[in-house]
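Heads up, the thing below is written out as structure tokens.
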Amino acid sequence: MKKLALGVFLAYGLVQAASLDTSKASMEFIAFKTAHKAGVKGTFDHVLYRFGKDTSTIAHTLDKASATISVDQLNLHDATKTKNVKEAFFDLFKNKNLKVIFRNVVEGDKQGTILASVIMNGKSVKVPMSYKIENNELVATGVLDILEFGLQHEFAKLAEKCSVQHEKLTWSQVEISFKAPVKE
């Protein structure tokens, strides 16, 4: 019985000992178009990440972690799409930097939650995210709505510019994700 209890304790300790390889962190987003809600994946090149100094747990690493992003670094993996979105949307922003700050990280067994404060166009909106750890990778996802950032005019310009390609429907919801390899 003592061996069983010790084994469970050690196994629990090993599960909690997982940490993130922050040097390989990445983020992406999926915007949506058409009545079928077709996804358009994108990233921002050269994101500046800052993580907690306490890396003893995933929650400690992510709590108060931040990403600073320049909208000029937009990459939709298609030159025409990137140009259209930059010119009709991001170039209209008052502030060209986006910032994401993770707070209230709850770490469960290979899953958890994060409250992301997303600062875009000078306005901060809280975006709940959930994460799972599978295949030694943490993947956190959440959904934000562009209109919550006071971007009605900018969003209308984007929808107008891309009306034909979007079949007259541009969705204001955008799925955001953060990924990082997990080190056991």
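A note on labels: chains of the structure tokens are A, B, ... as shown, every chain counts residues from 1, and ligands are counted from 1 in their shown order.
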
Practice problem: Considering only C-alpha atoms, return as a ChimeraX atom specification whatever protein or nucleic-acid residues lie within 10 Å of region 133-148 of chain A, sequence-local ones (same chain, fewer than 3 positions apart) excluded. | Solution: /A:18-21,25-31,58,109-116,118,120,123-130,151-156,171-184

File dump, residues just selected, N, CA and C atoms, as a CSV table (one decimal), in the first residue's frame:
```csv
chain,number,residue,atom,x,y,z
A,18,ALA,N,5.8,19.4,-15.8
A,18,ALA,CA,5.8,19.8,-17.2
A,18,ALA,C,6.0,21.3,-17.3
A,19,SER,N,6.8,21.7,-18.3
A,19,SER,CA,7.0,23.1,-18.5
A,19,SER,C,6.9,23.4,-20.0
A,20,LEU,N,6.9,24.6,-20.4
A,20,LEU,CA,6.8,25.0,-21.8
A,20,LEU,C,8.1,25.4,-22.4
A,21,ASP,N,8.3,25.0,-23.6
A,21,ASP,CA,9.5,25.5,-24.4
A,21,ASP,C,9.1,26.8,-25.0
A,25,ALA,N,7.3,29.2,-28.9
A,25,ALA,CA,6.0,29.7,-28.8
A,25,ALA,C,5.5,30.3,-30.2
A,26,SER,N,4.3,30.1,-30.5
A,26,SER,CA,3.7,30.8,-31.7
A,26,SER,C,2.3,31.1,-31.5
A,27,MET,N,1.8,32.0,-32.3
A,27,MET,CA,0.4,32.3,-32.3
A,27,MET,C,-0.1,32.4,-33.7
A,28,GLU,N,-1.4,32.2,-33.9
A,28,GLU,CA,-2.1,32.4,-35.2
A,28,GLU,C,-3.5,32.8,-35.0
A,29,PHE,N,-4.2,33.1,-36.0
A,29,PHE,CA,-5.6,33.4,-36.0
A,29,PHE,C,-6.3,32.9,-37.2
A,30,ILE,N,-7.6,32.7,-37.1
A,30,ILE,CA,-8.4,32.3,-38.2
A,30,ILE,C,-9.6,33.3,-38.3
A,31,ALA,N,-9.6,34.0,-39.4
A,31,ALA,CA,-10.7,34.9,-39.7
A,31,ALA,C,-11.7,34.1,-40.6
A,58,ILE,N,3.3,25.2,-15.7
A,58,ILE,CA,2.8,25.8,-16.9
A,58,ILE,C,2.0,27.1,-16.5
A,109,ASP,N,-5.4,18.8,-15.4
A,109,ASP,CA,-4.7,17.7,-15.9
A,109,ASP,C,-4.7,17.7,-17.4
A,110,LYS,N,-3.6,18.2,-18.0
A,110,LYS,CA,-3.5,18.3,-19.5
A,110,LYS,C,-4.5,19.2,-20.1
A,111,GLN,N,-5.1,20.2,-19.3
A,111,GLN,CA,-6.0,21.1,-19.8
A,111,GLN,C,-6.1,22.3,-18.9
A,112,GLY,N,-6.6,23.4,-19.3
A,112,GLY,CA,-6.7,24.6,-18.4
A,112,GLY,C,-7.4,25.7,-19.1
A,113,THR,N,-7.5,26.8,-18.4
A,113,THR,CA,-8.1,28.0,-18.9
A,113,THR,C,-7.2,29.2,-18.7
A,114,ILE,N,-7.4,30.2,-19.5
A,114,ILE,CA,-6.6,31.5,-19.5
A,114,ILE,C,-7.6,32.6,-19.8
A,115,LEU,N,-7.5,33.7,-19.1
A,115,LEU,CA,-8.2,34.9,-19.5
A,115,LEU,C,-7.2,35.8,-20.2
A,116,ALA,N,-7.4,36.0,-21.5
A,116,ALA,CA,-6.5,36.8,-22.2
A,116,ALA,C,-7.0,38.2,-22.3
A,118,VAL,N,-6.8,41.3,-24.5
A,118,VAL,CA,-6.3,41.6,-25.9
A,118,VAL,C,-6.5,43.1,-26.0
A,120,MET,N,-6.3,46.0,-28.6
A,120,MET,CA,-6.3,46.3,-30.1
A,120,MET,C,-6.9,47.7,-30.3
A,123,LYS,N,-8.1,49.7,-27.3
A,123,LYS,CA,-9.1,49.2,-26.4
A,123,LYS,C,-8.8,47.8,-25.9
A,124,SER,N,-9.0,47.5,-24.6
A,124,SER,CA,-8.8,46.2,-24.1
A,124,SER,C,-10.1,45.4,-23.9
A,125,VAL,N,-10.0,44.1,-24.4
A,125,VAL,CA,-11.2,43.2,-24.2
A,125,VAL,C,-10.7,41.9,-23.7
A,126,LYS,N,-11.4,41.4,-22.7
A,126,LYS,CA,-11.1,40.1,-22.1
A,126,LYS,C,-11.6,39.0,-23.0
A,127,VAL,N,-10.7,38.0,-23.3
A,127,VAL,CA,-11.1,36.9,-24.2
A,127,VAL,C,-10.8,35.6,-23.4
A,128,PRO,N,-11.8,34.8,-23.0
A,128,PRO,CA,-11.6,33.6,-22.4
A,128,PRO,C,-11.0,32.6,-23.4
A,129,MET,N,-10.0,31.8,-22.9
A,129,MET,CA,-9.3,30.8,-23.7
A,129,MET,C,-9.3,29.5,-22.9
A,130,SER,N,-9.3,28.4,-23.7
A,130,SER,CA,-9.1,27.1,-23.0
A,130,SER,C,-7.9,26.5,-23.7
A,151,LEU,N,-14.2,48.9,-33.7
A,151,LEU,CA,-13.6,48.8,-35.1
A,151,LEU,C,-14.7,48.7,-36.1
A,152,GLN,N,-15.9,49.2,-35.9
A,152,GLN,CA,-17.0,49.1,-36.8
A,152,GLN,C,-16.7,49.7,-38.2
A,153,HIS,N,-16.1,50.9,-38.2
A,153,HIS,CA,-15.7,51.5,-39.4
A,153,HIS,C,-14.7,50.7,-40.2
A,154,GLU,N,-13.6,50.3,-39.5
A,154,GLU,CA,-12.5,49.5,-40.1
A,154,GLU,C,-13.0,48.2,-40.6
A,155,PHE,N,-13.9,47.6,-39.8
A,155,PHE,CA,-14.5,46.3,-40.2
A,155,PHE,C,-15.3,46.4,-41.5
A,156,ALA,N,-16.1,47.5,-41.5
A,156,ALA,CA,-17.0,47.8,-42.7
A,156,ALA,C,-16.1,48.0,-44.0
A,171,TRP,N,-17.2,37.7,-41.4
A,171,TRP,CA,-17.6,37.4,-40.0
A,171,TRP,C,-16.7,38.3,-39.1
A,172,SER,N,-17.3,38.8,-38.1
A,172,SER,CA,-16.5,39.7,-37.1
A,172,SER,C,-15.8,38.9,-36.1
A,173,GLN,N,-16.1,37.6,-35.9
A,173,GLN,CA,-15.5,36.7,-35.0
A,173,GLN,C,-14.2,36.2,-35.6
A,174,VAL,N,-13.1,36.2,-34.7
A,174,VAL,CA,-11.8,35.7,-35.1
A,174,VAL,C,-11.3,34.7,-34.0
A,175,GLU,N,-10.9,33.5,-34.5
A,175,GLU,CA,-10.4,32.5,-33.5
A,175,GLU,C,-8.9,32.8,-33.4
A,176,ILE,N,-8.5,32.9,-32.1
A,176,ILE,CA,-7.1,33.2,-31.8
A,176,ILE,C,-6.5,31.9,-31.2
A,177,SER,N,-5.2,31.6,-31.4
A,177,SER,CA,-4.6,30.5,-30.7
A,177,SER,C,-3.2,30.8,-30.4
A,178,PHE,N,-2.7,30.1,-29.3
A,178,PHE,CA,-1.3,30.2,-28.9
A,178,PHE,C,-0.9,28.8,-28.7
A,179,LYS,N,0.4,28.5,-29.2
A,179,LYS,CA,0.9,27.1,-29.1
A,179,LYS,C,2.3,27.2,-28.6
A,180,ALA,N,2.7,26.1,-27.8
A,180,ALA,CA,4.0,26.0,-27.3
A,180,ALA,C,4.3,24.5,-27.0
A,181,PRO,N,5.4,24.0,-27.4
A,181,PRO,CA,5.8,22.6,-27.0
A,181,PRO,C,5.9,22.5,-25.5
A,182,VAL,N,5.5,21.3,-25.0
A,182,VAL,CA,5.6,21.0,-23.6
A,182,VAL,C,6.8,20.1,-23.4
A,183,LYS,N,7.6,20.5,-22.4
A,183,LYS,CA,8.8,19.6,-22.0
A,183,LYS,C,8.4,18.9,-20.7
A,184,GLU,N,8.5,17.6,-20.7
A,184,GLU,CA,8.2,16.8,-19.5
A,184,GLU,C,9.4,16.8,-18.6
```

Could you build a table of the residues in region 28-76 of chain A lying no more than 8 Å from region 161-170 of chain A, giving for each the nearest pair of atoms and their separation in Å rounded to one decimal place, using only C-alpha atoms, ordered by chain and ascending residue number, as a Markdown table?
```
| residue | atom | partner | partner_atom | distance |
| --- | --- | --- | --- | --- |
| A:Phe32 | CA | A:Thr170 | CA | 6.4 |
| A:Lys33 | CA | A:Thr170 | CA | 4.6 |
| A:Thr34 | CA | A:Leu169 | CA | 4.9 |
| A:Ala35 | CA | A:Leu169 | CA | 6.4 |
```

Residues just named, written with C-alpha atoms as a short mmCIF file (atom, residue, chain, number, x, y, z; two decimals), in the first residue's frame:
```cif
data_model
loop_
_atom_site.label_atom_id
_atom_site.label_comp_id
_atom_site.auth_asym_id
_atom_site.auth_seq_id
_atom_site.Cartn_x
_atom_site.Cartn_y
_atom_site.Cartn_z
CA PHE A 32 -13.90 33.79 -41.40
CA LYS A 33 -15.61 34.60 -44.68
CA THR A 34 -18.58 33.37 -46.77
CA ALA A 35 -21.87 31.85 -45.62
#
```

Exercise. Would you kindly return, as a list of chain:residue names, each protein, DNA or RNA residue with an atom no farther than 6 Å from any atom of region 61-75 of chain A, considering only C-alpha atoms and excluding same-chain residues fewer than 2 positions away?
Key: A:Gly42, A:Thr43, A:Phe44, A:Asp45, A:Val47, A:Leu48, A:Tyr49, A:Arg50, A:Phe51, A:Gly52, A:Asp54, A:Thr55, A:Ile58, A:Ala59, A:His77, A:Thr82, A:Lys96, A:Asn97, A:Leu98, A:Lys99, A:Val100, A:Ile101, A:Phe102, A:Arg103, A:Val105

Quiz prompt | Filtered DSSP result for region 29-157 of chain A, state strand (DSSP E), as a PyMOL selection string | solution = chain A and resi 29-33+38-44+48-50+66-70+74-75+97-107+111-120+123-134+137-145

Using only C-alpha atoms, which residues sit within 9 Å of Lys94 (chain A) once same-chain residues fewer than 2 positions away are excluded, as an mmCIF file with C-alpha atoms, in the first residue's frame?
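part-v2.cif, freshly written:
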```cif
data_model
loop_
_atom_site.group_PDB
_atom_site.id
_atom_site.type_symbol
_atom_site.label_atom_id
_atom_site.label_comp_id
_atom_site.auth_asym_id
_atom_site.auth_seq_id
_atom_site.Cartn_x
_atom_site.Cartn_y
_atom_site.Cartn_z
ATOM 1 C CA ASP A 91 -3.785 50.640 -41.750
ATOM 2 C CA LEU A 92 -6.896 52.402 -40.398
ATOM 3 C CA LYS A 96 -0.479 49.867 -34.859
ATOM 4 C CA ASN A 121 -6.785 49.805 -31.471
ATOM 5 C CA GLY A 122 -6.279 51.193 -27.956
#
```

Quiz item: Between CA of Glu107 (chain A) and CA of Ile119 (chain A), what is the spacing in Å?
Solution: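 One can read the CA of Ile119 (chain A) to CA of Glu107 (chain A) distance as 23.9 Å.
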
Exercise. Can you check which residues of region 28-103 of chain A DSSP gives as alpha helix (DSSP H) on the backbone and send them as a PyMOL selection string?
Key: chain A and resi 58-62+79-88

Written selection (N, CA and C atoms) as a short mmCIF file (atom, residue, chain, number, x, y, z; two decimals), in the first residue's frame:
```cif
data_model
loop_
_atom_site.label_atom_id
_atom_site.label_comp_id
_atom_site.auth_asym_id
_atom_site.auth_seq_id
_atom_site.Cartn_x
_atom_site.Cartn_y
_atom_site.Cartn_z
N ILE A 58 3.26 25.17 -15.70
CA ILE A 58 2.76 25.84 -16.89
C ILE A 58 1.99 27.10 -16.49
N ALA A 59 1.18 26.98 -15.44
CA ALA A 59 0.39 28.13 -14.98
C ALA A 59 1.29 29.29 -14.59
N HIS A 60 2.38 29.03 -13.88
CA HIS A 60 3.29 30.11 -13.49
C HIS A 60 3.97 30.73 -14.72
N THR A 61 4.31 29.90 -15.69
CA THR A 61 4.96 30.41 -16.91
C THR A 61 4.02 31.33 -17.69
N LEU A 62 2.74 30.95 -17.74
CA LEU A 62 1.79 31.71 -18.55
C LEU A 62 1.17 32.90 -17.83
N ALA A 79 0.03 37.01 -50.75
CA ALA A 79 0.38 38.43 -50.87
C ALA A 79 -0.85 39.32 -51.09
N THR A 80 -1.79 38.89 -51.91
CA THR A 80 -2.98 39.71 -52.19
C THR A 80 -3.86 39.83 -50.95
N LYS A 81 -4.10 38.72 -50.26
CA LYS A 81 -4.91 38.76 -49.04
C LYS A 81 -4.25 39.64 -47.99
N THR A 82 -2.95 39.47 -47.81
CA THR A 82 -2.24 40.26 -46.81
C THR A 82 -2.35 41.75 -47.13
N LYS A 83 -2.14 42.11 -48.39
CA LYS A 83 -2.23 43.51 -48.81
C LYS A 83 -3.63 44.07 -48.58
N ASN A 84 -4.65 43.33 -48.96
CA ASN A 84 -6.03 43.79 -48.78
C ASN A 84 -6.37 44.04 -47.32
N VAL A 85 -6.02 43.11 -46.46
CA VAL A 85 -6.36 43.24 -45.03
C VAL A 85 -5.55 44.37 -44.39
N LYS A 86 -4.28 44.49 -44.77
CA LYS A 86 -3.47 45.59 -44.24
C LYS A 86 -4.08 46.94 -44.63
N GLU A 87 -4.34 47.11 -45.91
CA GLU A 87 -4.81 48.41 -46.41
C GLU A 87 -6.23 48.75 -45.96
N ALA A 88 -7.13 47.77 -45.99
CA ALA A 88 -8.53 48.06 -45.70
C ALA A 88 -8.89 47.93 -44.23
#
```

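In this structure, CA of Lys41 (chain A) sits 19.0 Å away from CA of Tyr131 (chain A).
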